[in-house]
Every structure is written in C-alpha cells, then in structure tokens.
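Note: the block below is entry08.cif and it holds mmCIF, C-alpha atoms and all ligand atoms.
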```cif
data_data
#
loop_
_atom_site.label_atom_id
_atom_site.label_comp_id
_atom_site.auth_asym_id
_atom_site.auth_seq_id
_atom_site.Cartn_x
_atom_site.Cartn_y
_atom_site.Cartn_z
CA MET A 1 0.00 0.00 0.00
CA ASP A 2 1.47 3.40 -0.87
CA ARG A 3 1.58 6.21 1.66
CA ARG A 4 -1.33 8.13 0.23
CA ARG A 5 -3.61 5.15 0.24
CA PHE A 6 -2.42 4.14 3.72
CA VAL A 7 -3.32 7.54 5.14
CA GLN A 8 -6.72 7.42 3.49
CA ALA A 9 -7.30 3.93 4.81
CA ALA A 10 -6.16 4.95 8.29
CA GLY A 11 -8.60 7.84 8.18
CA LEU A 12 -11.37 5.39 7.43
CA GLY A 13 -10.32 3.08 10.22
CA LEU A 14 -9.28 0.49 7.64
CA ALA A 15 -5.51 0.54 8.22
CA GLY A 16 -4.05 -2.91 7.79
CA ALA A 17 -7.10 -4.23 6.00
CA ALA A 18 -6.85 -5.21 2.37
CA VAL A 19 -8.29 -2.16 0.71
CA SER A 20 -9.08 -1.78 -2.92
CA PRO A 21 -8.53 1.67 -4.34
CA GLY A 22 -12.04 1.96 -5.68
CA PRO A 23 -14.23 2.61 -2.63
CA ILE A 24 -11.63 4.82 -0.96
CA ALA A 25 -11.34 7.04 -3.96
CA ALA A 26 -15.11 7.19 -3.97
CA SER A 27 -15.32 8.27 -0.33
CA THR A 28 -12.72 11.01 -0.73
CA GLY A 29 -14.48 12.08 -3.88
CA ALA A 30 -17.71 12.35 -1.94
CA GLY A 31 -15.98 14.90 0.31
CA ARG A 32 -16.60 13.05 3.53
CA LEU A 33 -12.90 12.45 4.03
CA ASP A 34 -10.38 15.18 3.43
CA VAL A 35 -7.05 13.75 4.46
CA ARG A 36 -4.86 14.97 1.66
CA VAL A 37 -1.23 14.03 1.97
CA GLY A 38 0.99 17.10 1.73
CA LEU A 39 -1.60 19.49 3.10
CA SER A 40 -1.94 20.23 6.82
CA PRO A 41 -4.56 18.01 8.34
CA PRO A 42 -7.15 20.28 9.91
CA PHE A 43 -6.33 19.37 13.50
CA ASP A 44 -2.66 20.34 13.29
CA PRO A 45 -1.94 23.50 15.27
CA TRP A 46 -0.82 26.38 13.05
CA LEU A 47 0.63 29.89 12.99
CA GLU A 48 -0.87 32.92 11.31
CA ILE A 49 1.55 35.66 10.33
CA ASP A 50 -0.22 39.00 10.36
CA ALA A 51 1.26 41.01 7.47
CA ALA A 52 -0.60 44.21 8.38
CA ALA A 53 0.79 44.03 11.92
CA LEU A 54 4.34 43.60 10.63
CA ARG A 55 3.91 46.64 8.37
CA ALA A 56 2.38 48.70 11.15
CA ASN A 57 5.21 47.83 13.56
CA VAL A 58 7.81 48.84 11.00
CA ALA A 59 6.05 52.20 10.55
CA ARG A 60 6.02 52.65 14.34
CA ILE A 61 9.73 51.91 14.59
CA SER A 62 10.31 54.50 11.87
CA ARG A 63 8.32 57.00 13.92
CA LEU A 64 10.37 56.26 17.05
CA THR A 65 13.65 56.67 15.15
CA ASP A 66 12.91 59.67 12.99
CA GLY A 67 12.79 57.58 9.84
CA ARG A 68 16.10 55.77 10.27
CA PRO A 69 16.62 52.89 7.81
CA ILE A 70 15.83 49.57 9.50
CA LEU A 71 18.10 46.56 9.30
CA ALA A 72 15.52 43.94 10.28
CA VAL A 73 16.90 41.19 12.50
CA VAL A 74 15.32 37.96 11.28
CA LYS A 75 17.58 35.49 13.10
CA ASN A 76 16.17 32.29 14.60
CA ASN A 77 13.52 31.80 11.95
CA ALA A 78 12.40 35.44 12.26
CA TYR A 79 11.87 35.02 16.00
CA GLY A 80 9.75 31.96 15.38
CA LEU A 81 7.42 33.55 12.82
CA GLY A 82 9.03 31.87 9.80
CA LEU A 83 11.98 33.34 7.89
CA ALA A 84 10.73 33.28 4.30
CA GLU A 85 7.17 34.31 5.18
CA THR A 86 8.27 37.23 7.34
CA ALA A 87 11.06 38.52 5.11
CA GLY A 88 8.69 38.33 2.15
CA VAL A 89 6.30 40.72 3.88
CA LEU A 90 9.06 43.07 5.07
CA GLU A 91 11.21 43.32 1.95
CA PRO A 92 8.91 45.60 -0.14
CA LEU A 93 8.75 48.22 2.63
CA ASP A 94 10.84 51.32 1.94
CA ALA A 95 11.86 51.58 5.59
CA ILE A 96 13.51 48.15 5.48
CA ALA A 97 17.14 48.61 4.40
CA GLY A 98 18.00 44.94 4.69
CA PHE A 99 18.12 41.91 6.94
CA ALA A 100 20.48 40.59 9.62
CA VAL A 101 20.92 36.98 10.69
CA VAL A 102 23.39 35.05 12.86
CA LYS A 103 23.54 31.70 11.09
CA PRO A 104 25.09 31.34 7.63
CA SER A 105 22.32 28.92 6.64
CA ALA A 106 19.70 31.58 7.38
CA ALA A 107 21.46 34.04 5.05
CA LEU A 108 21.32 31.50 2.24
CA GLU A 109 17.71 30.68 3.06
CA LEU A 110 16.82 34.34 2.58
CA ARG A 111 18.44 34.35 -0.87
CA ASP A 112 16.75 31.04 -1.73
CA ALA A 113 13.44 32.68 -0.79
CA GLY A 114 14.11 35.40 -3.36
CA ILE A 115 15.09 38.17 -0.94
CA GLU A 116 17.19 40.73 -2.82
CA LYS A 117 17.85 43.46 -0.27
CA PRO A 118 21.18 43.44 1.62
CA VAL A 119 21.68 40.60 4.09
CA LEU A 120 24.22 40.91 6.91
CA LEU A 121 25.65 37.81 8.55
CA MET A 122 26.35 38.68 12.21
CA GLY A 123 28.10 35.33 12.68
CA LEU A 124 31.17 33.69 11.23
CA ALA A 125 31.62 31.95 7.91
CA GLU A 126 34.84 30.68 6.41
CA GLY A 127 36.18 28.73 3.47
CA GLU A 128 33.73 27.54 0.87
CA GLN A 129 30.75 28.67 2.89
CA ALA A 130 32.06 32.22 3.06
CA GLU A 131 32.65 32.16 -0.67
CA ALA A 132 29.12 30.88 -1.34
CA LEU A 133 27.69 33.63 0.86
CA VAL A 134 29.64 36.43 -0.78
CA ARG A 135 28.75 35.12 -4.24
CA ARG A 136 25.12 35.53 -3.20
CA GLN A 137 25.73 39.11 -2.01
CA VAL A 138 25.62 38.33 1.70
CA GLU A 139 27.62 40.89 3.70
CA LEU A 140 30.00 39.36 6.24
CA SER A 141 30.98 40.52 9.73
CA PHE A 142 34.65 41.39 10.13
CA TYR A 143 35.94 40.92 13.65
CA ASP A 144 38.37 38.03 13.96
CA GLU A 145 42.15 38.29 14.09
CA GLY A 146 42.41 36.18 10.96
CA ALA A 147 40.09 38.38 8.89
CA PRO A 148 42.79 40.31 6.97
CA GLU A 149 44.37 37.10 5.73
CA ARG A 150 41.09 35.25 5.09
CA MET A 151 39.54 38.19 3.26
CA THR A 152 42.66 38.61 1.14
CA ARG A 153 42.35 35.00 -0.01
CA LEU A 154 38.62 35.28 -0.55
CA ALA A 155 38.87 38.55 -2.49
CA ARG A 156 41.53 37.03 -4.72
CA ARG A 157 39.28 34.07 -5.53
CA LEU A 158 36.31 36.34 -6.19
CA GLN A 159 38.35 38.99 -8.03
CA ALA A 160 36.51 41.63 -6.00
CA PRO A 161 36.62 43.11 -2.50
CA VAL A 162 34.48 41.38 0.11
CA ARG A 163 31.65 43.55 1.40
CA GLY A 164 30.89 43.48 5.11
CA HIS A 165 30.55 45.30 8.42
CA VAL A 166 33.10 45.68 11.21
CA TYR A 167 31.64 44.18 14.38
CA LEU A 168 32.99 46.00 17.43
CA ASP A 169 32.81 44.55 20.94
CA THR A 170 32.34 47.54 23.24
CA GLY A 171 31.71 45.48 26.35
CA MET A 172 29.12 42.87 25.45
CA GLY A 173 31.82 40.21 25.51
CA ARG A 174 30.04 37.98 23.03
CA MET A 175 30.97 38.80 19.44
CA GLY A 176 33.12 41.37 17.69
CA ILE A 177 36.67 42.64 17.96
CA ALA A 178 37.50 44.18 21.34
CA TYR A 179 37.26 47.95 20.91
CA HIS A 180 40.64 48.51 22.56
CA ARG A 181 42.40 46.27 20.03
CA ALA A 182 40.41 47.21 16.95
CA LEU A 183 42.39 50.12 15.53
CA PRO A 184 45.68 48.38 14.65
CA TRP A 185 43.64 45.45 13.30
CA LEU A 186 41.54 47.73 11.13
CA ARG A 187 44.67 49.37 9.69
CA ILE A 188 45.89 45.94 8.58
CA LEU A 189 42.48 44.92 7.25
CA ALA A 190 42.01 48.16 5.31
CA ALA A 191 45.54 47.98 3.90
CA THR A 192 44.75 44.65 2.23
CA ASP A 193 42.26 46.34 -0.13
CA ALA A 194 40.37 43.05 0.17
CA VAL A 195 37.31 44.47 1.92
CA GLU A 196 34.64 47.05 1.37
CA VAL A 197 33.45 48.25 4.78
CA ALA A 198 29.74 48.95 4.41
CA GLY A 199 29.16 49.48 8.10
CA THR A 200 30.45 49.36 11.66
CA PHE A 201 28.26 48.05 14.43
CA MET A 202 28.02 46.98 18.06
CA ALA A 203 25.52 45.41 20.45
CA PHE A 204 24.48 46.87 23.80
CA THR A 205 24.34 44.84 27.00
CA GLU A 206 21.03 46.64 27.74
CA GLU A 207 22.26 47.48 31.22
CA THR A 208 21.17 51.10 31.41
CA GLU A 209 24.30 52.64 32.98
CA PHE A 210 26.74 50.57 30.98
CA ASP A 211 24.98 51.25 27.65
CA ARG A 212 26.20 54.84 27.87
CA GLU A 213 29.78 53.72 28.45
CA GLN A 214 29.54 51.30 25.52
CA TYR A 215 28.24 54.06 23.31
CA LEU A 216 31.18 56.31 24.25
CA ARG A 217 33.62 53.56 23.35
CA PHE A 218 31.87 53.13 19.99
CA ARG A 219 31.78 56.87 19.34
CA THR A 220 35.47 57.26 20.18
CA TYR A 221 36.40 54.43 17.83
CA ALA A 222 34.22 55.86 15.05
CA ASP A 223 35.63 59.38 15.42
CA THR A 224 39.20 58.12 15.43
CA VAL A 225 38.64 55.92 12.38
CA GLN A 226 37.04 58.81 10.57
CA ASN A 227 39.90 61.18 11.42
CA LEU A 228 42.43 58.66 10.20
CA GLY A 229 40.61 58.27 6.91
CA LEU A 230 39.99 54.59 7.57
CA PRO A 231 36.74 52.94 6.41
CA LEU A 232 33.69 53.11 8.67
CA GLY A 233 30.53 52.80 6.56
CA ARG A 234 27.13 53.17 8.20
CA LEU A 235 27.04 53.06 11.98
CA HIS A 236 24.41 50.92 13.68
CA ALA A 237 23.90 49.81 17.26
CA ALA A 238 20.28 50.00 18.44
CA SER A 239 18.23 46.85 18.89
CA SER A 240 14.56 47.17 19.90
CA ASN A 241 15.62 48.29 23.39
CA GLY A 242 17.77 51.01 21.82
CA VAL A 243 14.97 52.02 19.47
CA TYR A 244 12.84 52.80 22.53
CA HIS A 245 15.36 53.98 25.11
CA LEU A 246 18.61 55.09 23.47
CA PRO A 247 17.80 57.82 20.93
CA TYR A 248 21.45 58.92 20.99
CA ALA A 249 22.32 55.50 19.53
CA HIS A 250 19.98 55.52 16.54
CA LEU A 251 22.94 56.59 14.38
CA ASP A 252 22.72 55.84 10.62
CA MET A 253 20.51 52.77 10.90
CA VAL A 254 18.65 50.82 13.61
CA ARG A 255 18.71 47.06 14.03
CA PRO A 256 15.57 45.86 15.84
CA GLY A 257 14.22 42.36 16.00
CA ILE A 258 11.49 41.70 18.51
CA ALA A 259 9.65 45.03 18.10
CA ILE A 260 9.03 44.23 14.43
CA TYR A 261 7.17 41.12 15.55
CA GLY A 262 5.05 43.14 17.95
CA ALA A 263 6.61 42.42 21.33
CA TYR A 264 8.14 44.95 23.72
CA PRO A 265 11.82 44.36 24.47
CA SER A 266 12.41 45.46 28.07
CA ARG A 267 9.76 47.41 29.98
CA PRO A 268 6.44 46.57 28.32
CA ASP A 269 4.22 49.06 30.18
CA GLU A 270 6.53 51.98 29.59
CA GLU A 271 7.18 50.99 25.99
CA ARG A 272 3.48 50.45 25.23
CA ALA A 273 2.84 53.99 26.44
CA MET A 274 5.63 55.35 24.20
CA GLN A 275 4.55 53.49 21.09
CA GLU A 276 2.10 50.63 20.92
CA LEU A 277 2.93 47.56 18.83
CA THR A 278 0.71 44.82 17.41
CA PRO A 279 1.63 41.16 17.88
CA ALA A 280 2.26 39.79 14.39
CA VAL A 281 1.92 36.09 15.11
CA ARG A 282 -1.07 34.03 16.17
CA LEU A 283 -0.77 30.49 17.55
CA CYS A 284 -3.94 28.54 16.82
CA ALA A 285 -5.34 25.05 17.28
CA ARG A 286 -8.71 23.38 17.20
CA VAL A 287 -10.40 21.62 20.10
CA VAL A 288 -10.08 17.83 19.81
CA ARG A 289 -11.96 16.75 22.93
CA VAL A 290 -14.61 18.14 25.28
CA GLU A 291 -15.28 16.18 28.45
CA GLN A 292 -16.88 16.61 31.84
CA LEU A 293 -14.93 16.01 35.04
CA ARG A 294 -16.64 14.74 38.14
CA THR A 295 -15.63 16.07 41.55
CA GLY A 296 -12.29 14.46 42.34
CA ASP A 297 -11.34 13.74 38.71
CA GLY A 298 -7.83 14.90 37.79
CA VAL A 299 -6.22 16.29 34.66
CA SER A 300 -2.99 15.21 32.95
CA TYR A 301 0.41 14.08 34.25
CA GLY A 302 0.96 14.58 37.94
CA ARG A 303 -2.70 15.29 38.61
CA ASN A 304 -1.80 18.93 39.32
CA TYR A 305 -5.42 19.78 38.82
CA VAL A 306 -8.25 17.97 40.57
CA ALA A 307 -11.85 19.11 40.09
CA THR A 308 -13.52 20.37 43.26
CA ALA A 309 -16.89 20.44 41.50
CA PRO A 310 -18.19 19.03 38.22
CA THR A 311 -16.65 20.99 35.36
CA TRP A 312 -16.00 20.73 31.63
CA THR A 313 -12.58 20.63 30.01
CA ALA A 314 -11.40 21.02 26.43
CA THR A 315 -8.23 19.46 25.03
CA LEU A 316 -6.11 21.24 22.41
CA PRO A 317 -3.61 19.30 20.28
CA VAL A 318 -0.77 21.74 20.93
CA GLY A 319 1.99 21.35 23.50
CA HIS A 320 5.51 22.23 24.45
CA THR A 321 7.06 20.63 21.34
CA ASP A 322 5.09 23.19 19.34
CA GLY A 323 6.54 25.96 21.49
CA TYR A 324 3.64 26.47 23.88
CA PRO A 325 5.44 26.72 27.24
CA ARG A 326 5.01 24.18 30.02
CA SER A 327 4.66 27.15 32.35
CA ALA A 328 1.37 28.08 30.66
CA VAL A 329 -0.32 26.30 33.57
CA GLU A 330 0.96 29.12 35.80
CA GLY A 331 -1.67 31.51 34.49
CA ALA A 332 -2.02 31.49 30.72
CA ARG A 333 -5.47 31.61 29.16
CA VAL A 334 -6.76 30.53 25.78
CA LEU A 335 -9.39 32.27 23.64
CA ILE A 336 -12.13 30.03 22.27
CA GLY A 337 -15.01 31.87 20.67
CA ASP A 338 -15.18 35.12 22.61
CA ARG A 339 -14.18 33.76 26.01
CA LEU A 340 -10.87 33.12 27.76
CA TYR A 341 -10.30 29.78 29.48
CA PRO A 342 -7.43 28.97 31.90
CA VAL A 343 -4.85 26.30 31.10
CA ILE A 344 -4.93 23.60 33.77
CA GLY A 345 -3.11 20.42 34.76
CA ALA A 346 0.04 20.18 32.66
CA VAL A 347 1.17 21.16 29.17
CA SER A 348 2.50 17.93 27.69
CA ALA A 349 4.44 17.41 24.48
CA SER A 350 1.46 17.76 22.19
CA HIS A 351 -1.54 18.53 24.36
CA SER A 352 -2.86 21.32 26.53
CA ILE A 353 -6.09 21.32 28.51
CA VAL A 354 -8.30 24.25 29.44
CA GLU A 355 -11.06 24.46 32.01
CA VAL A 356 -14.31 25.36 30.32
CA GLY A 357 -16.48 25.63 33.44
CA PRO A 358 -19.87 24.31 34.52
CA GLU A 359 -21.38 24.59 31.02
CA PRO A 360 -19.97 22.96 27.86
CA THR A 361 -19.59 26.26 26.01
CA VAL A 362 -17.03 24.91 23.52
CA ALA A 363 -17.25 22.09 20.99
CA VAL A 364 -14.86 19.77 19.19
CA GLY A 365 -13.52 21.61 16.14
CA ASP A 366 -13.73 25.10 17.67
CA ARG A 367 -10.82 27.36 16.83
CA ALA A 368 -8.65 28.33 19.80
CA VAL A 369 -6.07 31.13 19.93
CA LEU A 370 -3.20 30.58 22.37
CA MET A 371 -1.13 33.65 21.48
CA GLY A 372 -1.85 36.66 19.31
CA SER A 373 -3.39 40.10 19.03
CA ASP A 374 -6.98 38.93 19.54
CA HIS A 375 -7.05 39.72 23.25
CA GLU A 376 -4.69 41.55 25.57
CA ALA A 377 -4.16 38.39 27.62
CA LEU A 378 -2.81 36.62 24.53
CA GLU A 379 -0.18 39.21 23.64
CA PRO A 380 3.28 37.66 23.83
CA ASN A 381 4.39 40.07 26.58
CA ARG A 382 1.30 39.34 28.71
CA LEU A 383 1.69 35.62 28.16
CA ALA A 384 5.34 35.93 29.17
CA GLU A 385 4.37 37.83 32.31
CA ALA A 386 1.64 35.35 33.20
CA THR A 387 3.93 32.36 32.83
CA GLY A 388 7.24 33.79 34.05
CA ALA A 389 8.81 33.16 30.63
CA SER A 390 10.98 35.48 28.55
CA VAL A 391 9.07 36.95 25.64
CA TYR A 392 12.10 36.19 23.44
CA ASP A 393 11.95 32.50 24.39
CA LEU A 394 8.22 32.43 23.89
CA LEU A 395 8.48 33.60 20.28
CA MET A 396 11.72 31.92 19.28
CA HIS A 397 10.67 28.53 20.61
CA LEU A 398 7.67 28.34 18.30
CA SER A 399 8.34 25.14 16.40
CA PRO A 400 9.70 25.63 12.87
CA SER A 401 7.53 22.70 11.79
CA LEU A 402 4.21 24.42 12.56
CA PRO A 403 2.34 25.23 9.35
CA ARG A 404 2.37 28.98 8.72
CA THR A 405 -0.01 31.14 6.74
CA VAL A 406 0.37 34.83 6.03
CA VAL A 407 -2.95 36.55 6.70
C1 LIG B 1 19.19 39.78 18.27
C2 LIG B 1 20.00 40.95 17.95
C3 LIG B 1 19.40 42.18 17.66
C4 LIG B 1 17.90 42.42 17.78
O1 LIG B 1 17.55 42.43 19.14
P1 LIG B 1 16.05 42.73 19.62
O2 LIG B 1 16.17 42.86 21.07
O3 LIG B 1 15.24 41.56 19.22
O4 LIG B 1 15.61 43.97 18.94
C5 LIG B 1 20.21 43.23 17.27
N1 LIG B 1 21.55 43.06 17.19
C6 LIG B 1 22.16 41.91 17.47
C7 LIG B 1 23.63 41.81 17.35
C8 LIG B 1 21.41 40.81 17.87
O5 LIG B 1 22.02 39.65 18.14
#
```

So that I can check it, write out the structure of this file as structure tokens.
Amino acid sequence: MDRRRFVQAAGLGLAGAAVSPGPIAASTGAGRLDVRVGLSPPFDPWLEIDAAALRANVARISRLTDGRPILAVVKNNAYGLGLAETAGVLEPLDAIAGFAVVKPSAALELRDAGIEKPVLLMGLAEGEQAEALVRRQVELSFYDEGAPERMTRLARRLQAPVRGHVYLDTGMGRMGIAYHRALPWLRILAATDAVEVAGTFMAFTEETEFDREQYLRFRTYADTVQNLGLPLGRLHAASSNGVYHLPYAHLDMVRPGIAIYGAYPSRPDEERAMQELTPAVRLCARVVRVEQLRTGDGVSYGRNYVATAPTWTATLPVGHTDGYPRSAVEGARVLIGDRLYPVIGAVSASHSIVEVGPEPTVAVGDRAVLMGSDHEALEPNRLAEATGASVYDLLMHLSPSLPRTVV
C-alpha cells in the first residue's frame, strides 16, 4: 500500500485491511474524508503571520527613530514567525534597508526565498561557505584576528573586495573585535584592499548605565577611524531596546528584531505607552476533545489539577514541542469563541487542557487562539508575564515545523 492510500485507509479506520482503491477514492471524492497528503490536516496546530501588523510595527519603529533605515533582525527563523514568510512581507517596505541573521544557513535561506535586499551575517563563515555567501551578495561581519588574511584569499578568488561590516565589541563580551584592540587590526584589514566596509556596528548589554559607556567607546572608535581616513561605513547599534530607550544611539541605521514582531523588548508598560505595537503572530489550534470532570477527577500528568466540582474541560492538540510553554499552567489563558479559558493540569508534548467551566460552552472543532493580538491576555508580553517566561523565548521557541499562513 502506498503512503497516500495508507493515510486514506487509516482515516477510514481500515488501516491494515486489504483495501481496494475503488471505494476509498469514492469516499474522498464524496468529500466526507479530506485527508490529503501534503496538506496540513485540519487538526494540526498552526501559525498565522499578520502582514498588516508587521507593516504597522515597521512604521512605528520609523516613527520612534525619525525615519532611520531599519536593518531587520530575522535570526532564529524570524523570531519563530518563519523566515521566508516574514522577510517576504518586510522586503517591499521602503523603511527596510535589509536583513540581519546570525547563522550562515539563514542568510542562504533568505536568498533562496528570493530576498534581494542586503543581508548581513552577524556570525562567522569561512572557506567555501564564506565564498558561497559572498557570491550571493551576503555581507559578512569582520571581527576576527584572521580576517585580513582570510579576506585577502577570498577577495583574490572572487576577483573583488568582500563587502561586510566591522563588528565591534564595546563590552558585550560575546561577538566582535574588542574595541581597545580594533584600531591596529583595522589598519591591517584596510591595507589589504580586500574588503569594502559597508558598516560598523556593536551590540548593547542593555544594562542602562553601561549602555552609555559602551556608546562612548563606539563613538570614540568611530571618530578616530574617521579622522584617520579609515573605512567606517554606516554606523548601527540600536536593537529594539535602543529604538525605545537610546535615541542617541539611533545613528545611521537601527537594528531591531522583537519590536518588528510586535513584542516589547524590556519594559512593556513603559514601551506600550511610548509606542504601541501589534503582535504579528497568532498560535492557533482546534479543540479535539470536550469532556466533563466529576468532583475528584484529575487532569494530565501529575494530577496537578483535581476538580472540586463538576466541570467541563477542552483538550487542544498543541503542547511544548510546538513551542507552547510548560509554564502556561501558571496563568495562561486561551481564547475560544469570545471567552478566555485557563490552562490547567500540565502542558504535555502535544496537548494542553483548558477548564471550560460548569457549562460545555465549547465544541470539538472550535478554533482556539493561544497567542496573538486577539485579546490583551494573549499578547506575547502578557503571556510571558503570566507564565514567568521570557518573551524572546516564547516567540523563538515556536516550532519551525508548525504550518504557517500569512494573513
Ligand atoms: C538579536 C539581535 C538584535 C535584535 O535584538 P532585539 O532585542 O530583538 O531587537 C540586534 N543586534 C544583534 C547583534 C542581535 O544579536
């Protein structure tokens, strides 16, 4: 039996039986069974990417930054939203100057998806991979001691200078060339004529007092480089936190990630008051079971929840492998119809359970929203607050295998 026929047979409860193609084809044809291989079965949880919200958030970031060009950070599968889907919505916007990623594979994925605007790799690539990236117009980060030599070799092979940005470590201690060692290194790099420096950038620790010190280190480096006639390119430093709180660091370009997707980076209440954002992703599922608990009946692993009175529950086929956090039982709610229902018991790998209450107000097949813009309680920041999770984790842990639709 081939896979297609097996799935159809399984759907009919005939798996393993000797099935002739005739009657099965007839039942699917009659529309009673719609299990089409290659399409998402209707009870898979899914993500909706809200294109209008992405566009609105970009416009709001422009407003906060006096129209600075935006280098959109789309690392980690565009913060869980889906790299190709998200970049496809962002690319046509005038405010979007280009994209930044950390993994070389993500840079190539953007090009494979047809993205033509500049792409900056904020990670390391070498050898054949570096060559493949540069051939596809990906801009590299220059920061390692070996860069002058590696870029010389690469430029010779390509018969052209390698375009990229100098990544300066002003105190983050994660990536980049240490600011106090950068000048002699840059002299050597620039003297090779192997690079075209399109920009110079840094990342803040987002520790309020230290951000200022980091900025001064960056500014001093930039001024010195400029005075020496060495290459600098466009200066960029501000992530979403900087977009909101460090206007002095907006420089030539800003480099936000999470704000584009509609989540506040640091101090949600304060940031919401400064400029509201719209969550651009919706996590959805459909109810697969509605059942009544008797007093004393428990729910899920560990029996963390035991009914103190008869009550109805609904099961959703979405769990922590999809990216819905285990900690959702600490206070998350789910929207079904126009009401919110609390998550109870335990979030397991592929199931979550909500308490419906004394009346069975939901039905199998109802659409449920677990995260999104549909209700304040479902906004990623609120969900993060309710569950003690980081809003970054919440978004970035959305499973890459969830089906995504741009709405
Ligand atoms: C992730 C990242 C950003 C974007 O940060 P947000 O807080 O999501 O705006 C900017 N720059 C660098 C270097 C990053 O790694």

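Proximity to ligand LIG 1 (chain B) was assessed for A:Ala332, A:Ala273, A:Ala52, A:Ala100 counting only C-alpha atoms and all ligand atoms; the smallest distance is recorded for A:Ala100.
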
Ligand LIG 1 (chain B) neighbours within 10 Å using only C-alpha atoms and all ligand atoms, as a CSV table (one decimal) with C-alpha atoms, keeping the file's coordinate frame:
```csv
chain,number,residue,atom,x,y,z
A,71,LEU,CA,18.1,46.6,9.3
A,72,ALA,CA,15.5,43.9,10.3
A,73,VAL,CA,16.9,41.2,12.5
A,74,VAL,CA,15.3,38.0,11.3
A,75,LYS,CA,17.6,35.5,13.1
A,76,ASN,CA,16.2,32.3,14.6
A,78,ALA,CA,12.4,35.4,12.3
A,79,TYR,CA,11.9,35.0,16.0
A,100,ALA,CA,20.5,40.6,9.6
A,101,VAL,CA,20.9,37.0,10.7
A,102,VAL,CA,23.4,35.0,12.9
A,121,LEU,CA,25.6,37.8,8.6
A,122,MET,CA,26.4,38.7,12.2
A,123,GLY,CA,28.1,35.3,12.7
A,167,TYR,CA,31.6,44.2,14.4
A,172,MET,CA,29.1,42.9,25.4
A,174,ARG,CA,30.0,38.0,23.0
A,175,MET,CA,31.0,38.8,19.4
A,176,GLY,CA,33.1,41.4,17.7
A,201,PHE,CA,28.3,48.0,14.4
A,202,MET,CA,28.0,47.0,18.1
A,203,ALA,CA,25.5,45.4,20.4
A,204,PHE,CA,24.5,46.9,23.8
A,206,GLU,CA,21.0,46.6,27.7
A,236,HIS,CA,24.4,50.9,13.7
A,237,ALA,CA,23.9,49.8,17.3
A,238,ALA,CA,20.3,50.0,18.4
A,239,SER,CA,18.2,46.8,18.9
A,240,SER,CA,14.6,47.2,19.9
A,241,ASN,CA,15.6,48.3,23.4
A,242,GLY,CA,17.8,51.0,21.8
A,243,VAL,CA,15.0,52.0,19.5
A,244,TYR,CA,12.8,52.8,22.5
A,254,VAL,CA,18.6,50.8,13.6
A,255,ARG,CA,18.7,47.1,14.0
A,256,PRO,CA,15.6,45.9,15.8
A,257,GLY,CA,14.2,42.4,16.0
A,258,ILE,CA,11.5,41.7,18.5
A,259,ALA,CA,9.6,45.0,18.1
A,260,ILE,CA,9.0,44.2,14.4
A,261,TYR,CA,7.2,41.1,15.6
A,263,ALA,CA,6.6,42.4,21.3
A,264,TYR,CA,8.1,45.0,23.7
A,265,PRO,CA,11.8,44.4,24.5
A,266,SER,CA,12.4,45.5,28.1
A,392,TYR,CA,12.1,36.2,23.4
```

**Study point:** Surrounding residues of A:Ile70 excluding itself and chain neighbours under 3 positions, 9 Å, all atoms listed in the file, as an MDAnalysis selection string
**Key:** chainID A and resid 58 61:62 67 73 95:99 253:256

Review point. Could you pull the residues within 12 Å of A:Val306, counting only C-alpha atoms, minus those fewer than 6 positions along the same chain, as a ChimeraX atom specification?
Key: /A:293-300,313,344-346,355

Exercise for review: Determine, counting all atoms listed in the file, every residue of protein, DNA or RNA that lies within 12 Å of (30.0, 43.5, -0.3) in the file coordinates, then give the result as number ranges by chain.
Suggested key: A: 118-121, 130-131, 133-142, 151, 154-155, 158, 160-165, 194-199, 233

Output of the above residues as a compact mmCIF listing (two decimals), keeping the file's coordinate frame, restricted to C-alpha atoms:
```txt
# COMPACT_ATOMS: atom_id res chain seq x y z
CA PRO A 118 21.18 43.44 1.62
CA VAL A 119 21.68 40.60 4.09
CA LEU A 120 24.22 40.91 6.91
CA LEU A 121 25.65 37.81 8.55
CA ALA A 130 32.06 32.22 3.06
CA GLU A 131 32.65 32.16 -0.67
CA LEU A 133 27.69 33.63 0.86
CA VAL A 134 29.64 36.43 -0.78
CA ARG A 135 28.75 35.12 -4.24
CA ARG A 136 25.12 35.53 -3.20
CA GLN A 137 25.73 39.11 -2.01
CA VAL A 138 25.62 38.33 1.70
CA GLU A 139 27.62 40.89 3.70
CA LEU A 140 30.00 39.36 6.24
CA SER A 141 30.98 40.52 9.73
CA PHE A 142 34.65 41.39 10.13
CA MET A 151 39.54 38.19 3.26
CA LEU A 154 38.62 35.28 -0.55
CA ALA A 155 38.87 38.55 -2.49
CA LEU A 158 36.31 36.34 -6.19
CA ALA A 160 36.51 41.63 -6.00
CA PRO A 161 36.62 43.11 -2.50
CA VAL A 162 34.48 41.38 0.11
CA ARG A 163 31.65 43.55 1.40
CA GLY A 164 30.89 43.48 5.11
CA HIS A 165 30.55 45.30 8.42
CA ALA A 194 40.37 43.05 0.17
CA VAL A 195 37.31 44.47 1.92
CA GLU A 196 34.64 47.05 1.37
CA VAL A 197 33.45 48.25 4.78
CA ALA A 198 29.74 48.95 4.41
CA GLY A 199 29.16 49.48 8.10
CA GLY A 233 30.53 52.80 6.56
```
